[in-house]
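**Student:** Provided herewith: protein32.txt, compact mmCIF, C-alpha atoms.
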# COMPACT_ATOMS: atom_id res chain seq x y z
CA MET Z 1 84.08 145.61 110.20
CA GLY Z 2 85.62 142.20 109.43
CA SER Z 3 85.46 140.41 106.12
CA PRO Z 4 82.79 137.68 105.61
CA SER Z 5 85.43 134.92 105.54
CA ARG Z 6 87.01 136.16 108.78
CA ILE Z 7 83.64 136.36 110.51
CA GLN Z 8 82.80 132.86 109.27
CA ASN Z 9 86.11 131.52 110.63
CA LYS Z 10 85.42 133.07 114.04
CA GLN Z 11 81.93 131.58 114.12
CA GLN Z 12 83.30 128.17 113.15
CA GLN Z 13 85.98 128.37 115.85
CA LYS Z 14 83.31 129.26 118.39
CA ILE Z 15 81.36 126.16 117.42
CA MET Z 16 84.48 124.00 117.73
CA ASN Z 17 85.15 125.33 121.23
CA MET Z 18 81.62 124.32 122.27
CA VAL Z 19 82.24 120.61 121.67
CA GLU Z 20 83.55 118.59 124.57
CA GLY Z 21 86.95 117.08 123.76
CA TYR Z 22 87.07 118.20 120.11
CA SER Z 23 90.29 119.77 118.82
CA SER Z 24 90.41 120.88 115.20
CA ALA Z 25 93.18 119.28 113.12
CA VAL Z 26 93.31 122.07 110.55
CA THR Z 27 96.52 123.68 111.87
CA VAL Z 28 98.32 120.34 112.14
CA SER Z 29 97.09 119.45 108.65
CA HIS Z 30 98.56 122.62 107.18
CA CYS Z 31 101.92 121.88 108.83
CA LEU Z 32 101.89 118.35 107.40
CA ARG Z 33 100.83 119.67 104.01
CA ASN Z 34 103.81 122.04 103.89
CA LEU Z 35 106.16 119.22 104.87
CA LEU Z 36 104.74 116.93 102.18
CA LEU Z 37 105.23 119.62 99.55
CA VAL Z 38 108.94 119.77 100.44
CA TRP Z 39 109.16 116.28 98.93
CA ALA Z 40 108.84 117.97 95.53
CA LEU Z 41 112.51 118.98 95.81
CA PRO Z 42 114.07 115.49 96.04
CA ALA Z 43 111.46 114.27 93.55
CA ALA Z 44 112.60 116.86 91.00
CA ALA Z 45 116.24 115.94 91.65
CA MET Z 46 115.49 112.26 91.01
CA ILE Z 47 113.66 113.06 87.78
CA ILE Z 48 116.51 115.28 86.53
CA LEU Z 49 119.27 112.81 87.44
CA GLY Z 50 117.41 109.87 85.95
CA SER Z 51 116.56 111.79 82.79
CA LEU Z 52 120.22 112.80 82.25
CA ALA Z 53 121.24 109.17 82.60
CA VAL Z 54 118.57 108.11 80.10
CA VAL Z 55 119.60 110.74 77.54
CA ARG Z 56 123.35 110.13 77.89
CA PRO Z 57 123.88 106.59 79.21
CA ASP Z 58 127.47 106.54 77.92
CA ALA Z 59 128.55 109.75 79.64
CA THR Z 60 131.81 109.52 81.58
CA TRP Z 61 130.28 111.12 84.68
CA LEU Z 62 127.97 108.14 85.17
CA GLY Z 63 129.40 104.93 86.57
CA SER Z 64 129.98 105.35 90.30
CA SER Z 65 128.81 109.00 90.21
CA PHE Z 66 125.23 107.97 89.38
CA SER Z 67 125.10 105.56 92.28
CA SER Z 68 126.69 108.10 94.64
CA VAL Z 69 124.26 110.88 93.77
CA ALA Z 70 121.30 108.48 93.96
CA THR Z 71 122.47 107.30 97.36
CA ALA Z 72 122.86 110.91 98.57
CA LEU Z 73 119.30 111.63 97.44
CA ARG Z 74 118.06 108.61 99.33
CA VAL Z 75 119.91 109.68 102.51
CA ALA Z 76 118.40 113.17 102.29
CA GLY Z 77 115.04 111.60 101.61
CA GLY Z 78 115.51 109.38 104.66
CA PHE Z 79 115.89 112.41 106.93
CA LEU Z 80 112.83 114.03 105.36
CA TRP Z 81 110.99 110.72 105.68
CA LEU Z 82 111.68 110.65 109.44
CA LEU Z 83 110.24 114.15 109.88
CA THR Z 84 107.24 113.20 107.75
CA VAL Z 85 106.54 110.07 109.78
CA ILE Z 86 106.64 112.03 113.06
CA MET Z 87 104.36 114.76 111.72
CA SER Z 88 102.02 112.19 110.16
CA ILE Z 89 101.67 110.39 113.49
CA VAL Z 90 100.81 113.67 115.22
CA TRP Z 91 98.22 114.39 112.51
CA MET Z 92 96.71 110.89 112.67
CA VAL Z 93 96.42 110.98 116.47
CA ARG Z 94 94.66 114.35 116.31
CA VAL Z 95 92.25 113.28 113.57
CA TRP Z 96 91.65 109.89 115.20
CA SER Z 97 90.71 111.53 118.52
CA ASN Z 98 88.08 113.58 116.71
CA VAL Z 99 86.42 110.67 114.92
CA ARG Z 100 84.00 109.86 117.76
CA ARG Z 101 83.41 113.56 118.35
CA VAL Z 102 81.79 113.77 114.93
CA GLY Z 103 79.63 110.73 115.65
CA LYS Z 104 81.67 107.99 113.99
CA ARG Z 105 83.04 104.69 115.29
CA ALA Z 106 86.86 104.68 115.31
CA LYS Z 107 87.17 101.23 113.79
CA VAL Z 108 89.71 100.47 111.06
CA GLY Z 109 89.38 96.68 110.94
CA ALA Z 110 93.08 96.08 111.56
CA PHE Z 111 92.66 92.43 112.60
CA ASP Z 112 90.68 91.50 109.50
CA LEU Z 113 93.25 93.28 107.35
CA PHE Z 114 96.07 91.44 109.12
CA LYS Z 115 94.42 88.08 108.46
CA LYS Z 116 94.07 88.97 104.79
CA HIS Z 117 97.78 89.80 104.50
CA VAL Z 118 98.76 86.62 106.31
CA GLY Z 119 96.72 84.81 103.68
CA PHE Z 120 98.67 86.59 100.95
CA VAL Z 121 101.97 85.46 102.51
CA VAL Z 122 100.81 81.85 102.83
CA PHE Z 123 99.49 81.82 99.26
CA GLY Z 124 102.76 83.31 98.00
CA MET Z 125 104.76 80.61 99.78
CA VAL Z 126 102.56 77.91 98.25
CA LEU Z 127 103.18 79.34 94.78
CA LEU Z 128 106.94 79.50 95.36
CA VAL Z 129 107.02 75.88 96.51
CA GLY Z 130 104.86 74.86 93.55
CA ALA Z 131 107.29 76.58 91.19
CA PHE Z 132 109.87 73.87 91.91
CA PHE Z 133 107.57 71.23 90.40
CA ALA Z 134 105.87 73.27 87.67
CA GLY Z 135 108.33 72.73 84.82
CA ASN Z 136 107.84 75.37 82.11
CA ALA Z 137 105.34 77.28 84.25
CA ALA Z 138 107.88 77.70 87.06
CA PRO Z 139 108.91 81.31 86.19
CA MET Z 140 105.29 82.50 86.15
CA LEU Z 141 104.49 80.77 89.44
CA ALA Z 142 107.64 82.13 91.04
CA LEU Z 143 106.83 85.66 89.90
CA ALA Z 144 103.27 85.37 91.21
CA GLY Z 145 104.58 83.97 94.50
CA VAL Z 146 106.98 86.88 94.95
CA PHE Z 147 104.17 89.32 94.17
CA PHE Z 148 101.82 87.87 96.79
CA MET Z 149 104.64 87.67 99.35
CA TRP Z 150 105.45 91.34 98.70
CA LEU Z 151 101.77 92.22 98.99
CA GLY Z 152 101.45 90.25 102.20
CA PHE Z 153 104.38 91.99 103.86
CA SER Z 154 102.94 95.40 102.94
CA PHE Z 155 100.54 95.37 105.87
CA ILE Z 156 101.51 98.79 107.26
CA PRO Z 157 100.84 100.79 104.06
CA PHE Z 158 97.42 99.18 103.65
CA LEU Z 159 96.67 99.82 107.33
CA VAL Z 160 97.44 103.50 106.75
CA LEU Z 161 95.09 103.44 103.75
CA ALA Z 162 92.32 101.93 105.89
CA ALA Z 163 92.83 104.65 108.52
CA VAL Z 164 92.73 107.42 105.90
CA ARG Z 165 89.51 105.95 104.51
CA LEU Z 166 88.02 106.05 108.01
CA PHE Z 167 89.11 109.66 108.46
CA TRP Z 168 87.52 110.60 105.15
CA ARG Z 169 84.23 108.83 105.98
CA SER Z 170 84.13 110.53 109.38
CA GLY Z 171 83.76 113.86 107.62
CA SER Z 172 80.89 112.87 105.33
CA PRO Z 173 78.03 115.37 105.50
CA PRO Z 174 74.65 114.50 107.06
CA ILE Z 175 73.09 114.53 103.60
CA GLY Z 176 74.95 112.93 100.71
CA LEU Z 177 77.00 109.88 99.86
CA ASP Z 178 80.50 111.41 99.82
CA GLU Z 179 82.03 108.61 101.91
CA GLU Z 180 84.60 106.94 99.64
CA LEU Z 181 88.06 108.35 99.01
CA PRO Z 182 88.14 110.65 95.98
CA HIS Z 183 90.09 109.64 92.89
CA TYR Z 184 93.09 111.69 93.88
CA GLY Z 185 93.15 109.84 97.22
CA ILE Z 186 93.57 106.52 95.39
CA VAL Z 187 96.27 108.14 93.23
CA TRP Z 188 98.03 109.26 96.42
CA PHE Z 189 98.14 105.74 97.82
CA ALA Z 190 99.21 104.11 94.54
CA SER Z 191 102.03 106.61 93.97
CA TRP Z 192 103.22 106.53 97.59
CA PHE Z 193 103.12 102.73 97.69
CA GLY Z 194 104.98 102.49 94.37
CA TYR Z 195 107.65 104.97 95.47
CA SER Z 196 108.28 103.26 98.81
CA SER Z 197 108.26 99.76 97.29
CA PHE Z 198 111.01 100.45 94.76
CA LEU Z 199 113.07 102.78 96.92
CA GLY Z 200 116.80 102.01 96.68
CA LEU Z 201 116.53 99.80 93.60
CA ALA Z 202 118.49 102.30 91.46
CA GLU Z 203 121.55 102.07 93.74
CA ILE Z 204 122.02 98.30 93.38
CA PRO Z 205 125.35 97.82 91.54
CA GLN Z 206 124.10 94.80 89.56
CA VAL Z 207 121.25 96.79 87.99
CA PRO Z 208 122.19 98.13 84.51
CA ILE Z 209 122.48 101.90 84.32
CA GLN Z 210 119.66 102.17 81.76
CA ILE Z 211 117.22 100.34 84.02
CA ALA Z 212 118.44 102.17 87.14
CA SER Z 213 117.93 105.55 85.47
CA LEU Z 214 114.39 104.66 84.38
CA VAL Z 215 113.61 103.44 87.89
CA LEU Z 216 114.92 106.71 89.33
CA VAL Z 217 112.72 108.76 86.98
CA LEU Z 218 109.67 106.68 87.94
CA GLN Z 219 110.52 107.08 91.62
CA GLY Z 220 110.75 110.84 91.21
CA ILE Z 221 107.43 111.05 89.38
CA SER Z 222 105.63 108.86 91.91
CA CYS Z 223 107.17 110.83 94.79
CA LEU Z 224 106.03 114.12 93.27
CA VAL Z 225 102.49 112.85 92.66
CA ALA Z 226 102.26 111.40 96.18
CA ALA Z 227 103.46 114.67 97.71
CA ILE Z 228 100.94 116.83 95.87
CA THR Z 229 97.93 114.55 96.33
CA GLY Z 230 98.82 113.74 99.94
CA ALA Z 231 99.15 117.43 100.80
CA ARG Z 232 95.67 118.07 99.46
CA LEU Z 233 94.18 115.01 101.16
CA VAL Z 234 95.31 115.73 104.73
CA VAL Z 235 93.97 119.29 104.63
CA GLU Z 236 90.64 118.26 103.15
CA ILE Z 237 90.14 115.53 105.76
CA ALA Z 238 90.58 118.04 108.59
CA ASP Z 239 88.26 120.54 106.89
CA ARG Z 240 85.62 117.85 106.38
CA GLN Z 241 85.68 116.95 110.07
CA ASP Z 242 85.12 120.58 111.07
CA GLU Z 243 82.33 120.99 108.52
CA ARG Z 244 80.70 117.72 109.60
CA LEU Z 245 80.74 118.77 113.23
CA SER Z 246 79.30 122.18 112.42
CA ALA Z 247 76.48 120.55 110.47
CA ILE Z 248 75.62 118.24 113.38
CA ILE Z 249 75.70 121.03 115.97
CA ASN Z 250 73.47 123.23 113.83
CA ARG Z 251 70.86 120.44 113.92
CA LEU Z 252 70.80 120.24 117.72
CA GLY Z 253 68.32 122.96 118.43
CA SER Z 254 67.91 126.66 119.11
CA GLU Z 255 70.57 129.32 119.34
CA ASP Z 256 70.29 129.29 123.15
CA GLU Z 257 71.01 125.55 123.22
CA ARG Z 258 74.04 125.99 120.97
CA GLU Z 259 75.53 128.52 123.40
CA LYS Z 260 76.11 125.67 125.85
CA THR Z 261 78.87 123.10 125.71
CA VAL Z 262 77.93 120.19 123.50
CA THR Z 263 78.73 116.78 124.98
CA SER Z 264 79.77 113.59 123.22
CA ASN Z 265 76.37 112.03 123.96
CA GLN Z 266 74.62 114.86 122.12
CA ILE Z 267 76.94 114.42 119.16
CA GLU Z 268 76.22 110.68 119.06
CA SER Z 269 72.47 111.32 119.28
CA ALA Z 270 72.62 113.81 116.44
CA TRP Z 271 74.62 111.33 114.42
CA GLU Z 272 72.05 108.57 115.01
CA ASP Z 273 69.33 110.95 113.81
CA SER Z 274 71.26 111.57 110.59
CA GLU Z 275 72.05 107.91 109.89
CA THR Z 276 68.76 107.54 108.07
CA LEU Z 277 70.06 110.02 105.49
CA VAL Z 278 73.36 108.33 104.65
CA SER Z 279 74.68 104.79 104.84
CA PHE Z 280 78.25 104.01 105.89
CA HIS Z 281 80.05 100.78 105.04
CA TYR Z 282 82.85 99.57 107.28
Using the file provided, produce a representation of the structure as structure tokens.
**Tutor:**
Amino acid sequence: MGSPSRIQNKQQQKIMNMVEGYSSAVTVSHCLRNLLLVWALPAAAMIILGSLAVVRPDATWLGSSFSSVATALRVAGGFLWLLTVIMSIVWMVRVWSNVRRVGKRAKVGAFDLFKKHVGFVVFGMVLLVGAFFAGNAAPMLALAGVFFMWLGFSFIPFLVLAAVRLFWRSGSPPIGLDEELPHYGIVWFASWFGYSSFLGLAEIPQVPIQIASLVLVLQGISCLVAAITGARLVVEIADRQDERLSAIINRLGSEDEREKTVTSNQIESAWEDSETLVSFHY
């Protein structure tokens, strides 16, 4: 006789197979989770190297050795980054294809987000031009202009964030208001965005070794935090989709009705029935 958890998994898989066009993303999510956790290795190496340079900034092994090791870490990270991007795309395509199957509109709002980032770029350019005529306030205006330009050109990371928010909302239960990213999801984005934004800064020859070492430590910490929180997030999103779908199917009717294949129209109808219980904001 099987264990309760094994029996529950078989029942859940049976439900998933009943839904037209639905393909669970749990397996893909676990593969991506394992790949994200591998990032802990280069993150630990960055923290150790940066910490050694902070503790002994006058050591003879520093100089070109620090830059060489930091560059080697970045090259290794680049290969791991390529694998992560490929696996992330596979995961996103799978989860995206299931969004409508759980009764949700697959709308990220990419055009509105693009317009917002274009506005950031234009505003940053205005501030940079104004810095030439601002006198004593020129440094502050120039810094603000660079910040808004950098924010404006970061369209892709914020588009990924919008997609992840959609994926999370698509798994909200029929009853409840669990539709916004959890706190650790915001921590994931902040740490990932910070790591990718300052990547390579420690290898610039003009940067003093003290600053470069601190930057490398911060990069390692942010990389480690992003890896751990991201690994948890992708698995939970896939689990939430499966649980959401199971909840909708269980509301469709009798056991005899659930033995038949469930179509997309039935899923959408069940979703419309549950919309009175929870409000979604796009």
**Student:** From the set Z:Ala226, Z:Ser29, Z:Ala110, Z:Phe147, which residue has the shortest atom-to-atom contact distance to Leu128 of chain Z, counting all atoms listed in the file?
**Tutor:**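 Smallest separation from Leu128 of chain Z among the options: Z:Phe147.
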**Student:** So, counting all atoms listed in the file, which residue among Z:Val234, Z:Leu127, Z:Ala163, Z:Ala137 is closest to Leu32 of chain Z?
**Tutor:**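 Result for the nearest residue to Leu32 of chain Z: Z:Val234.
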**Student:** Wanna dump the segment 42-150 of chain Z-segment 243-248 of chain Z contacts at 9 Å for me, each residue with its shortest atom pair and the distance in Å to one decimal, counting only C-alpha atoms, ordered by chain and number, as a Markdown table?
**Tutor:**
| residue | atom | partner | partner_atom | distance |
| --- | --- | --- | --- | --- |
| Z:Arg101 | CA | Z:Leu245 | CA | 7.8 |
| Z:Val102 | CA | Z:Leu245 | CA | 5.4 |
| Z:Gly103 | CA | Z:Leu245 | CA | 8.5 |
**Student:** With distances taken over all atoms listed in the file, which residue among Z:Ser170, Z:Asn136, Z:Thr71, Z:Ser51 lies nearest Glu236 of chain Z?
**Tutor:**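 Of Z:Ser170, Z:Asn136, Z:Thr71, Z:Ser51, the one nearest Glu236 of chain Z, counting all atoms listed in the file, is Z:Ser170.
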**Student:** List the neighbours of Val26 of chain Z out to 10 Å using all atoms listed in the file; skip same-chain residues closer than 4 positions along the sequence, and give me the result as a list in words.
**Tutor:**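 Neighbouring residues, sequence-local ones excluded: His30, Cys31, Leu32, Trp91, Arg94, Val95, Val234, Val235, Glu236, Ile237, Ala238, Asp239, Arg240, Gln241 and Asp242 of chain Z.
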**Student:** Excluding Gly124 of chain Z and its own-chain neighbours fewer than 3 positions away, which residues fall within 10 Å of it when counting only C-alpha atoms? Please give them as a PyMOL selection string.
**Tutor:** chain Z and resi 118-121+127-130+141-152
**Student:** Of the candidates Z:Phe155, Z:Pro139, Z:Ala53, Z:Ile89, which shows the shortest atom-to-atom distance to Lys115 of chain Z, using all atoms listed in the file?
**Tutor:**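 Ranked by minimum distance to Lys115 of chain Z, first place goes to Z:Phe155.
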**Student:** Restricted to N, CA and C atoms, what does segment 119-141 of chain Z look like when written out as a tab-separated table (two decimals), in the first residue's frame?
**Tutor:**
chain	number	residue	atom	x	y	z
Z	119	GLY	N	10.72	56.95	-20.83
Z	119	GLY	CA	10.60	58.18	-20.05
Z	119	GLY	C	11.77	58.37	-19.10
Z	120	PHE	N	12.25	57.30	-18.49
Z	120	PHE	CA	13.41	57.38	-17.60
Z	120	PHE	C	14.65	57.85	-18.38
Z	121	VAL	N	14.83	57.29	-19.58
Z	121	VAL	CA	15.99	57.66	-20.40
Z	121	VAL	C	15.92	59.14	-20.78
Z	122	VAL	N	14.75	59.58	-21.22
Z	122	VAL	CA	14.59	60.98	-21.63
Z	122	VAL	C	14.82	61.91	-20.43
Z	123	PHE	N	14.26	61.56	-19.28
Z	123	PHE	CA	14.44	62.37	-18.09
Z	123	PHE	C	15.91	62.41	-17.66
Z	124	GLY	N	16.59	61.28	-17.78
Z	124	GLY	CA	18.02	61.24	-17.45
Z	124	GLY	C	18.83	62.12	-18.37
Z	125	MET	N	18.51	62.14	-19.65
Z	125	MET	CA	19.21	62.99	-20.61
Z	125	MET	C	18.99	64.46	-20.30
Z	126	VAL	N	17.76	64.80	-19.92
Z	126	VAL	CA	17.45	66.19	-19.56
Z	126	VAL	C	18.29	66.62	-18.35
Z	127	LEU	N	18.40	65.74	-17.36
Z	127	LEU	CA	19.19	66.07	-16.17
Z	127	LEU	C	20.67	66.22	-16.51
Z	128	LEU	N	21.18	65.38	-17.40
Z	128	LEU	CA	22.59	65.48	-17.79
Z	128	LEU	C	22.87	66.78	-18.54
Z	129	VAL	N	21.94	67.15	-19.41
Z	129	VAL	CA	22.11	68.42	-20.13
Z	129	VAL	C	22.01	69.59	-19.15
Z	130	GLY	N	21.07	69.51	-18.21
Z	130	GLY	CA	20.91	70.57	-17.22
Z	130	GLY	C	22.11	70.71	-16.31
Z	131	ALA	N	22.88	69.62	-16.15
Z	131	ALA	CA	24.05	69.67	-15.27
Z	131	ALA	C	25.11	70.63	-15.79
Z	132	PHE	N	25.14	70.86	-17.10
Z	132	PHE	CA	26.12	71.78	-17.68
Z	132	PHE	C	25.84	73.23	-17.30
Z	133	PHE	N	24.64	73.53	-16.90
Z	133	PHE	CA	24.26	74.91	-16.59
Z	133	PHE	C	23.85	75.09	-15.13
Z	134	ALA	N	24.13	74.08	-14.30
Z	134	ALA	CA	23.61	74.10	-12.93
Z	134	ALA	C	24.60	74.64	-11.91
Z	135	GLY	N	25.81	74.93	-12.31
Z	135	GLY	CA	26.80	75.47	-11.37
Z	135	GLY	C	27.15	74.48	-10.28
Z	136	ASN	N	26.95	74.88	-9.02
Z	136	ASN	CA	27.32	74.02	-7.89
Z	136	ASN	C	26.47	72.76	-7.80
Z	137	ALA	N	25.27	72.79	-8.36
Z	137	ALA	CA	24.39	71.62	-8.31
Z	137	ALA	C	24.67	70.63	-9.43
Z	138	ALA	N	25.67	70.92	-10.27
Z	138	ALA	CA	25.96	70.07	-11.42
Z	138	ALA	C	26.27	68.62	-11.03
Z	139	PRO	N	27.11	68.36	-10.01
Z	139	PRO	CA	27.40	66.96	-9.67
Z	139	PRO	C	26.15	66.16	-9.28
Z	140	MET	N	25.26	66.78	-8.51
Z	140	MET	CA	24.05	66.08	-8.09
Z	140	MET	C	23.14	65.80	-9.29
Z	141	LEU	N	23.00	66.77	-10.18
Z	141	LEU	CA	22.17	66.57	-11.36
Z	141	LEU	C	22.77	65.51	-12.27
